[in-house]
Amino acid sequence: MLPTILIVEDENKFGGLLSRIIEAEGYNVLQAQSARSGLKFLENEDVRVVISDVKLPDANGVELVKRIKDMYPHVEVINLTAFGSIKDSVKAIKNGAFDYIMKGDDNDRIIPIVNKAVEKANLQFQINRLEKKLNHRHTFADILGKSPAITAAIDLAKKVAHTNTTVLLLGETGTGKEVFAQAIHEESDRRNKPFVAVNCSSFSNELLKSELFGHIAGSFTGATKDKKGLFEEADGGTLFLDEIGEMNLELQARLLRVLEDGTFNRVGDSKNTKVNARIIAATNKDLKYEAENNRFRLDLFYRLAVFTIHLQPLREHQEDIEVLANHFLKEFSNKLNRKVKKMDEFFLKLLSHHPWKGNIRELRNVIERVVIIADDDTLTSDLLQFDFFAENPEDMGSTLNLASIESQYIRKAMSQSKGNKTEASRLLGIGLSTLYRKIEDYKL
């Protein structure tokens, strides 16, 4: 989902121009002409950054910063003004503004500042989500499956959990690397200390450096006070570095130093800070190959790979699909207050033959969707989306129900034609109007 920017500006011409410029960068943009309507947007929309004029018809934009930060602390606010003053700029920053810029004079800075504000807001939202997730801490009991691939991974994880050894989790996206990381933490002697997680691919390298290692006041624009980094937040506990293969070489050198002697410098600080945080890293990349091609430090790879656990993709332990699907079925039936209780045989067969490129996460999403749209207590193949059939076997099942077979072939044709109904009708050898009628009849 694209980040949403809210512009609070009562001058229509300038607000419209600014909106078009920001939309061209790929953001969703909302426009409000008053503080009151802007606050209404914040109440109902997932806004990440607010750009507010200082002079509004019903409020002072500098004071509005404080109101927004008090109610929505993870939203970043940029003040924009045609009549700037040092007094206002200082007050805006003290109130929590990300930046204070002049109309006209700072036009070239607007987009870079917005980009940085979005990155910071995204990180704050992610941290907030992770803090909420701590209400349910994953343990090894939460890891479902009885296949040799899963049981072997769990056995290894349990053995390393009670040590302070660095762990590297390898596997495709959606294989459950964060669940394993948290289970290792919960099984360890550090369980009563923080488990802190960060996705290294979600943010720019400069912002990631500040968030990992912290910074001191004045080290960069917007750094109004000293801030602890995630390493300090995880002191005594565990720091989970997801997608570590996306970290740049400079940050890799800083991380290597922490692994070697437990010390680092906050951004802008010459004083050493010492921490005792266990590192669990994860990636879907071949780090040794990346190192051989000078995209990852070989010395860091060897420090991270002291104890490596490979999490196999779901297609390589298909015997676990049924138990996982039933677990998600029960979870979403309860959560969504639905009375769906079971899956029919052909539905389960299709799940078992699907390649699951998104692995367990993809399976979970599929079950959530079909539980929502199911009309009775049984999940059937007609609930699956068109593209689900594209990579399944040609055998459409042993069912003799003509309507079921026909709906399945329509889905397959729609998948092959990428949703083009004219092409799908040609593949099926039926008229376009007939196809539209059958899609409506089968509720496809």
# chains A, B, ... in the order shown; residues from 1 in each chain; ligands from 1
>>> residues_around(residues="region 287-298 of chain A", least_positions_apart="4", cutoff="12 Å", atoms="only C-alpha atoms", output="mmCIF file with N, CA and C atoms, in the first residue's frame")
data_model
loop_
_atom_site.group_PDB
_atom_site.id
_atom_site.type_symbol
_atom_site.label_atom_id
_atom_site.label_comp_id
_atom_site.auth_asym_id
_atom_site.auth_seq_id
_atom_site.Cartn_x
_atom_site.Cartn_y
_atom_site.Cartn_z
ATOM 1 N N LEU A 168 21.945 -17.399 12.233
ATOM 2 C CA LEU A 168 21.551 -16.921 10.907
ATOM 3 C C LEU A 168 20.444 -17.830 10.377
ATOM 4 N N LEU A 169 19.274 -17.249 10.145
ATOM 5 C CA LEU A 169 18.119 -17.985 9.624
ATOM 6 C C LEU A 169 18.024 -17.748 8.116
ATOM 7 N N LEU A 170 18.040 -18.823 7.350
ATOM 8 C CA LEU A 170 17.997 -18.723 5.899
ATOM 9 C C LEU A 170 16.686 -19.319 5.382
ATOM 10 N N GLY A 171 16.077 -18.645 4.425
ATOM 11 C CA GLY A 171 14.838 -19.168 3.852
ATOM 12 C C GLY A 171 14.136 -18.129 3.014
ATOM 13 N N GLU A 243 16.148 -9.550 6.759
ATOM 14 C CA GLU A 243 16.649 -9.116 5.450
ATOM 15 C C GLU A 243 18.002 -8.424 5.578
ATOM 16 N N ILE A 244 18.910 -9.046 6.299
ATOM 17 C CA ILE A 244 20.218 -8.428 6.535
ATOM 18 C C ILE A 244 21.033 -8.314 5.258
ATOM 19 N N GLY A 245 20.693 -9.083 4.246
ATOM 20 C CA GLY A 245 21.402 -8.997 2.974
ATOM 21 C C GLY A 245 21.225 -7.676 2.270
ATOM 22 N N GLU A 246 20.261 -6.861 2.712
ATOM 23 C CA GLU A 246 20.021 -5.541 2.110
ATOM 24 C C GLU A 246 20.845 -4.444 2.784
ATOM 25 N N MET A 247 21.544 -4.765 3.861
ATOM 26 C CA MET A 247 22.326 -3.760 4.584
ATOM 27 C C MET A 247 23.568 -3.365 3.779
ATOM 28 N N ASN A 248 23.882 -2.051 3.714
ATOM 29 C CA ASN A 248 25.030 -1.630 2.915
ATOM 30 C C ASN A 248 26.345 -1.911 3.645
ATOM 31 N N LEU A 249 27.449 -1.752 2.934
ATOM 32 C CA LEU A 249 28.765 -2.156 3.449
ATOM 33 C C LEU A 249 29.189 -1.331 4.662
ATOM 34 N N GLU A 250 28.828 -0.035 4.687
ATOM 35 C CA GLU A 250 29.200 0.792 5.838
ATOM 36 C C GLU A 250 28.520 0.287 7.114
ATOM 37 N N LEU A 251 27.228 0.002 7.017
ATOM 38 C CA LEU A 251 26.512 -0.511 8.180
ATOM 39 C C LEU A 251 26.996 -1.905 8.557
ATOM 40 N N GLN A 252 27.379 -2.693 7.561
ATOM 41 C CA GLN A 252 27.925 -4.016 7.847
ATOM 42 C C GLN A 252 29.188 -3.913 8.695
ATOM 43 N N ALA A 253 30.037 -2.908 8.393
ATOM 44 C CA ALA A 253 31.263 -2.713 9.179
ATOM 45 C C ALA A 253 30.925 -2.344 10.618
ATOM 46 N N ARG A 254 29.915 -1.496 10.801
ATOM 47 C CA ARG A 254 29.492 -1.117 12.158
ATOM 48 C C ARG A 254 28.945 -2.337 12.914
ATOM 49 N N LEU A 255 28.157 -3.160 12.209
ATOM 50 C CA LEU A 255 27.596 -4.356 12.831
ATOM 51 C C LEU A 255 28.693 -5.332 13.219
ATOM 52 N N LEU A 256 29.682 -5.479 12.359
ATOM 53 C CA LEU A 256 30.798 -6.384 12.651
ATOM 54 C C LEU A 256 31.502 -5.975 13.939
ATOM 55 N N ALA A 281 19.995 -13.006 12.829
ATOM 56 C CA ALA A 281 19.823 -12.381 11.513
ATOM 57 C C ALA A 281 19.075 -13.332 10.591
ATOM 58 N N ALA A 282 18.446 -12.766 9.569
ATOM 59 C CA ALA A 282 17.700 -13.579 8.610
ATOM 60 C C ALA A 282 17.834 -12.981 7.221
ATOM 61 N N THR A 283 17.773 -13.841 6.220
ATOM 62 C CA THR A 283 17.850 -13.372 4.841
ATOM 63 C C THR A 283 17.308 -14.432 3.896
ATOM 64 N N TYR A 302 30.869 -14.775 8.046
ATOM 65 C CA TYR A 302 31.350 -15.853 8.912
ATOM 66 C C TYR A 302 30.978 -15.620 10.375
ATOM 67 N N ARG A 303 30.895 -14.340 10.784
ATOM 68 C CA ARG A 303 30.479 -14.057 12.163
ATOM 69 C C ARG A 303 28.991 -14.338 12.366
ATOM 70 N N LEU A 304 28.200 -14.061 11.345
ATOM 71 C CA LEU A 304 26.756 -14.290 11.447
ATOM 72 C C LEU A 304 26.405 -15.773 11.329
ATOM 73 N N ALA A 305 27.171 -16.487 10.508
ATOM 74 C CA ALA A 305 26.832 -17.875 10.175
ATOM 75 C C ALA A 305 27.456 -18.882 11.131
ATOM 76 N N THR A 308 23.775 -21.775 11.626
ATOM 77 C CA THR A 308 22.823 -21.498 10.546
ATOM 78 C C THR A 308 21.672 -22.494 10.573
#
>>> select_by_dssp(residues="region 104-204 of chain A", states="helix (DSSP H, G or I)", output="PyMOL selection string")
chain A and resi 107-133+140-142+148-161+177-187
>>> residues_around(residues="region 367-380 of chain A", least_positions_apart="6", cutoff="12 Å", atoms="only C-alpha atoms", output="PyMOL selection string")
chain A and resi 321-322+324-351+360-361+399+404+407-408+443-444
>>> residues_around(residues="region 431-435 of chain A", least_positions_apart="5", cutoff="9 Å", atoms="only C-alpha atoms", output="PDB file with N, CA and C atoms, in the first residue's frame")
ATOM      1  N   ILE A 410     -13.304 -22.080 -16.206  1.00  0.00           N
ATOM      2  CA  ILE A 410     -13.406 -20.632 -16.426  1.00  0.00           C
ATOM      3  C   ILE A 410     -12.329 -19.906 -15.634  1.00  0.00           C
ATOM      4  N   LYS A 421     -11.269 -10.937 -20.449  1.00  0.00           N
ATOM      5  CA  LYS A 421     -12.446 -11.770 -20.681  1.00  0.00           C
ATOM      6  C   LYS A 421     -12.601 -12.133 -22.161  1.00  0.00           C
ATOM      7  N   THR A 422     -12.212 -11.236 -23.059  1.00  0.00           N
ATOM      8  CA  THR A 422     -12.305 -11.541 -24.497  1.00  0.00           C
ATOM      9  C   THR A 422     -11.401 -12.712 -24.844  1.00  0.00           C
ATOM     10  N   ALA A 424     -10.242 -14.924 -22.686  1.00  0.00           N
ATOM     11  CA  ALA A 424     -10.713 -16.104 -21.965  1.00  0.00           C
ATOM     12  C   ALA A 424     -11.861 -16.776 -22.717  1.00  0.00           C
ATOM     13  N   SER A 425     -12.768 -15.968 -23.283  1.00  0.00           N
ATOM     14  CA  SER A 425     -13.888 -16.554 -24.029  1.00  0.00           C
ATOM     15  C   SER A 425     -13.387 -17.265 -25.278  1.00  0.00           C
ATOM     16  N   ARG A 426     -12.315 -16.734 -25.896  1.00  0.00           N
ATOM     17  CA  ARG A 426     -11.727 -17.396 -27.065  1.00  0.00           C
ATOM     18  C   ARG A 426     -11.122 -18.740 -26.668  1.00  0.00           C
ATOM     19  N   GLU A 440     -21.132 -14.421 -13.608  1.00  0.00           N
ATOM     20  CA  GLU A 440     -22.129 -13.917 -12.655  1.00  0.00           C
ATOM     21  C   GLU A 440     -22.847 -15.085 -11.953  1.00  0.00           C
TER      22      GLU A 440
END
>>> atom_distance(atom1="CA of Leu56 (chain A)", atom2="CA of Lys120 (chain A)")
25.8 Å
>>> closest_atom_pairs(of="region 229-313 of chain A", to="region 191-199 of chain A", cutoff="9 Å", atoms="only C-alpha atoms", output="Markdown table")
| residue | atom | partner | partner_atom | distance |
| --- | --- | --- | --- | --- |
| A:Leu230 | CA | A:Val196 | CA | 7.0 |
| A:Phe231 | CA | A:Val196 | CA | 8.4 |
| A:Glu233 | CA | A:Pro194 | CA | 7.2 |
| A:Ala234 | CA | A:Pro194 | CA | 5.4 |
| A:Asp235 | CA | A:Pro194 | CA | 7.5 |
| A:Gly236 | CA | A:Lys193 | CA | 5.9 |
| A:Gly237 | CA | A:Lys193 | CA | 4.6 |
| A:Thr238 | CA | A:Phe195 | CA | 4.9 |
| A:Leu239 | CA | A:Val196 | CA | 4.9 |
| A:Phe240 | CA | A:Ala197 | CA | 4.5 |
| A:Leu241 | CA | A:Val198 | CA | 5.5 |
| A:Asp242 | CA | A:Asn199 | CA | 4.7 |
| A:Glu243 | CA | A:Asn199 | CA | 5.9 |
| A:Ile244 | CA | A:Asn199 | CA | 7.7 |
>>> atom_distance(atom1="CA of Ile86 (chain A)", atom2="CA of Met102 (chain A)")
11.5 Å
>>> select_by_dssp(residues="region 182-347 of chain A", states="strand (DSSP E or B)", output="ChimeraX atom specification")
/A:195-199,215,227,238-242,263-265,267,272-274,278-283,307-310,342-343
>>> atom_distance(atom1="CA of Ile111 (chain A)", atom2="CA of Asp226 (chain A)")
26.0 Å
>>> residues_around(residues="Glu362 (chain A)", least_positions_apart="6", cutoff="10 Å", atoms="only C-alpha atoms", output="CSV table (one decimal) with N, CA, C and O atoms, in the first residue's frame")
chain,number,residue,atom,x,y,z
A,173,THR,N,11.0,-15.8,1.5
A,173,THR,CA,10.1,-14.9,2.2
A,173,THR,C,8.8,-15.7,2.6
A,173,THR,O,8.3,-16.5,1.8
A,174,GLY,N,8.4,-15.5,3.8
A,174,GLY,CA,7.2,-16.2,4.3
A,174,GLY,C,7.4,-17.5,4.9
A,174,GLY,O,6.4,-18.2,5.2
A,175,THR,N,8.6,-17.9,5.1
A,175,THR,CA,8.8,-19.3,5.7
A,175,THR,C,8.8,-19.3,7.2
A,175,THR,O,9.0,-20.4,7.8
A,314,LEU,N,7.6,-24.0,1.7
A,314,LEU,CA,6.4,-24.9,2.0
A,314,LEU,C,6.2,-26.0,0.9
A,314,LEU,O,5.8,-27.1,1.3
A,356,TRP,N,3.2,-22.2,-3.8
A,356,TRP,CA,3.3,-21.4,-2.6
A,356,TRP,C,4.6,-20.6,-2.6
A,356,TRP,O,5.5,-20.7,-1.8
A,368,GLU,N,-7.5,-16.6,4.8
A,368,GLU,CA,-8.2,-15.5,5.3
A,368,GLU,C,-9.3,-15.0,4.3
A,368,GLU,O,-10.4,-14.7,4.6
>>> residues_around(residues="Phe203 (chain A)", least_positions_apart="6", cutoff="10 Å", atoms="only C-alpha atoms", output="ChimeraX atom specification")
/A:116,118-120,122-123,209,211,246-247
>>> write_last_selection(atoms="N, CA and C atoms", output="compact mmCIF listing (two decimals), in the first residue's frame")
# COMPACT_ATOMS: atom_id res chain seq x y z
N LYS A 116 12.30 11.41 3.35
CA LYS A 116 12.92 11.08 4.64
C LYS A 116 11.87 10.99 5.75
N VAL A 118 8.73 10.14 5.37
CA VAL A 118 7.99 8.90 5.17
C VAL A 118 8.79 7.71 5.71
N GLU A 119 10.08 7.69 5.43
CA GLU A 119 10.93 6.60 5.93
C GLU A 119 10.90 6.53 7.45
N LYS A 120 11.02 7.70 8.08
CA LYS A 120 11.00 7.72 9.54
C LYS A 120 9.65 7.29 10.08
N ASN A 122 7.41 5.37 8.60
CA ASN A 122 7.24 3.93 8.36
C ASN A 122 7.94 3.11 9.43
N LEU A 123 9.14 3.54 9.81
CA LEU A 123 9.89 2.81 10.84
C LEU A 123 9.16 2.88 12.17
N LYS A 209 20.81 3.45 9.91
CA LYS A 209 21.97 3.66 10.79
C LYS A 209 21.56 4.38 12.06
N GLU A 211 18.53 4.50 13.38
CA GLU A 211 17.62 3.69 14.18
C GLU A 211 18.34 2.55 14.89
N GLU A 246 20.26 -6.86 2.71
CA GLU A 246 20.02 -5.54 2.11
C GLU A 246 20.84 -4.44 2.78
N MET A 247 21.54 -4.76 3.86
CA MET A 247 22.33 -3.76 4.58
C MET A 247 23.57 -3.36 3.78
